[in-house]
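Notes follow once the structure below has been shown.
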Amino acid sequence: MHRQTIVAAIFFLVGSAMHTLAQIDAIARAKNNPANSRIGILATRWQTIVNRDAWAFAFFVLILQGQFVALLNAVKIPVPSAMAAVLDLHVGGAIAWMAGYLSDSALAFIPGLNTSLPPAIDPGNDSSTGKIDAPQGKV
């Protein structure tokens, strides 16, 4: 049982990596992109890639454990019976690879995960105005 889970996780990560490499290649080939080095593109976007892959892998682990539909129901997201049946399929290598490739593709459309990471939270920064608070005692 654990061996199948490990194999599925490896195939998922391979599928996700293949989609990521395809995206990097498309960026490098774009005529309006001055950075045509694939290594350079990977070096500038590695944080976004790791963040997106971590989210995708977390959702995949929920699918492997059979808890994804329960999570969606808990947050009041309706799951059609056909979708629930697909999510309950046995996850072999091919399904894991497709899930990795497609999940990276799907997460690429989320605004915070497609081109850059959201800015880090700064405790001294008022997020509503973007202004940094003055030090205590000074105005």
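Convention: chains lettered A, B, ... in structure tokens order; per-chain residue numbering from 1; ligands numbered from 1 as shown.
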
task = Pick out the residues sitting within 12 Å of stretch 22-26 of chain A, and hand them over as a list in words; count only C-alpha atoms, and ignore anything fewer than 5 positions along from it in its own chain.
result =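 Near neighbours after the sequence-gap exclusion: Gly15, Ser16, Ala17, Lys31, Asn32, Asn33, Ala35, Asn36, Ser37, Arg38, Ile39, Gly40, Ile41, Leu42, Ala43, Thr44, Arg45, Trp46, Ile49, Tyr101, Asp104, Ser105, Ala108, Asn114 and Thr115 of chain A.
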
message = Can you tell me which residues surround A:Val91 at a distance of at most 12 Å, considering only C-alpha atoms, apart from same-chain residues fewer than 2 positions away, and format the answer as a PyMOL selection string?
response = chain A and resi 1+4-12+60-66+86-89+93-100

Would you write out those residues with N, CA, C and O atoms, as a short mmCIF file (atom, residue, chain, number, x, y, z; two decimals), in the first residue's frame?
data_model
loop_
_atom_site.label_atom_id
_atom_site.label_comp_id
_atom_site.auth_asym_id
_atom_site.auth_seq_id
_atom_site.Cartn_x
_atom_site.Cartn_y
_atom_site.Cartn_z
N MET A 1 0.83 -1.20 0.00
CA MET A 1 0.00 0.00 0.00
C MET A 1 0.87 1.26 0.00
O MET A 1 0.63 2.17 -0.75
N GLN A 4 2.65 1.83 -3.36
CA GLN A 4 1.80 2.43 -4.39
C GLN A 4 1.66 3.93 -4.17
O GLN A 4 1.65 4.70 -5.13
N THR A 5 1.58 4.35 -2.94
CA THR A 5 1.47 5.77 -2.63
C THR A 5 2.76 6.50 -3.01
O THR A 5 2.71 7.60 -3.58
N ILE A 6 3.89 5.89 -2.73
CA ILE A 6 5.17 6.51 -3.08
C ILE A 6 5.33 6.60 -4.59
O ILE A 6 5.75 7.63 -5.12
N VAL A 7 4.95 5.54 -5.30
CA VAL A 7 5.03 5.55 -6.76
C VAL A 7 4.10 6.62 -7.32
O VAL A 7 4.47 7.37 -8.24
N ALA A 8 2.89 6.72 -6.78
CA ALA A 8 1.94 7.74 -7.24
C ALA A 8 2.50 9.14 -6.99
O ALA A 8 2.38 10.03 -7.84
N ALA A 9 3.11 9.36 -5.83
CA ALA A 9 3.68 10.67 -5.52
C ALA A 9 4.81 11.01 -6.48
O ALA A 9 4.93 12.16 -6.95
N ILE A 10 5.64 10.03 -6.82
CA ILE A 10 6.74 10.27 -7.76
C ILE A 10 6.20 10.61 -9.14
O ILE A 10 6.65 11.57 -9.78
N PHE A 11 5.20 9.86 -9.60
CA PHE A 11 4.61 10.16 -10.90
C PHE A 11 3.95 11.54 -10.90
O PHE A 11 4.00 12.26 -11.90
N PHE A 12 3.30 11.90 -9.80
CA PHE A 12 2.69 13.23 -9.69
C PHE A 12 3.76 14.32 -9.84
O PHE A 12 3.59 15.28 -10.60
N PHE A 60 -3.01 16.86 -3.84
CA PHE A 60 -2.88 15.48 -4.32
C PHE A 60 -2.81 14.49 -3.16
O PHE A 60 -3.39 13.42 -3.23
N VAL A 61 -2.12 14.84 -2.11
CA VAL A 61 -2.05 13.97 -0.93
C VAL A 61 -3.44 13.80 -0.34
O VAL A 61 -3.81 12.69 0.08
N LEU A 62 -4.24 14.86 -0.33
CA LEU A 62 -5.61 14.74 0.15
C LEU A 62 -6.41 13.77 -0.72
O LEU A 62 -7.23 13.00 -0.22
N ILE A 63 -6.17 13.81 -2.05
CA ILE A 63 -6.84 12.87 -2.94
C ILE A 63 -6.38 11.45 -2.65
O ILE A 63 -7.19 10.52 -2.59
N LEU A 64 -5.07 11.26 -2.46
CA LEU A 64 -4.54 9.92 -2.15
C LEU A 64 -5.13 9.37 -0.86
O LEU A 64 -5.39 8.17 -0.74
N GLN A 65 -5.33 10.23 0.11
CA GLN A 65 -5.86 9.79 1.40
C GLN A 65 -7.38 9.69 1.41
O GLN A 65 -7.97 9.27 2.40
N GLY A 66 -8.02 10.09 0.32
CA GLY A 66 -9.48 10.03 0.23
C GLY A 66 -10.18 11.10 1.03
O GLY A 66 -11.35 10.94 1.38
N VAL A 86 -14.78 10.40 -9.80
CA VAL A 86 -13.45 10.53 -10.40
C VAL A 86 -12.39 10.66 -9.30
O VAL A 86 -11.32 10.06 -9.37
N LEU A 87 -12.69 11.45 -8.27
CA LEU A 87 -11.73 11.65 -7.19
C LEU A 87 -11.55 10.40 -6.33
O LEU A 87 -10.57 10.29 -5.60
N ASP A 88 -12.50 9.47 -6.42
CA ASP A 88 -12.39 8.22 -5.66
C ASP A 88 -11.73 7.09 -6.44
O ASP A 88 -11.61 5.98 -5.94
N LEU A 89 -11.30 7.36 -7.67
CA LEU A 89 -10.62 6.33 -8.46
C LEU A 89 -9.31 5.91 -7.80
O LEU A 89 -8.68 6.71 -7.10
N GLY A 93 -0.01 5.13 -11.52
CA GLY A 93 1.01 6.00 -12.10
C GLY A 93 0.47 6.96 -13.15
O GLY A 93 0.79 8.15 -13.17
N ALA A 94 -0.38 6.45 -14.06
CA ALA A 94 -0.90 7.30 -15.14
C ALA A 94 -1.79 8.42 -14.60
O ALA A 94 -1.67 9.58 -15.01
N ILE A 95 -2.68 8.07 -13.68
CA ILE A 95 -3.57 9.10 -13.12
C ILE A 95 -2.76 10.10 -12.30
O ILE A 95 -3.02 11.31 -12.34
N ALA A 96 -1.78 9.63 -11.58
CA ALA A 96 -0.93 10.54 -10.79
C ALA A 96 -0.17 11.48 -11.70
O ALA A 96 -0.06 12.67 -11.42
N TRP A 97 0.37 10.97 -12.81
CA TRP A 97 1.11 11.82 -13.76
C TRP A 97 0.17 12.88 -14.34
O TRP A 97 0.52 14.06 -14.41
N MET A 98 -1.04 12.46 -14.77
CA MET A 98 -2.00 13.42 -15.32
C MET A 98 -2.41 14.45 -14.27
O MET A 98 -2.54 15.63 -14.58
N ALA A 99 -2.59 14.01 -13.04
CA ALA A 99 -2.95 14.94 -11.97
C ALA A 99 -1.84 15.96 -11.74
O ALA A 99 -2.10 17.14 -11.55
N GLY A 100 -0.59 15.52 -11.78
CA GLY A 100 0.53 16.44 -11.61
C GLY A 100 0.61 17.45 -12.74
O GLY A 100 0.77 18.65 -12.51
#

message = Calculated over only C-alpha atoms, which of the candidates A:Ala56, A:Leu21, A:Ala74, A:Pro34 has the smallest distance to A:Leu102?
response = A:Ala56
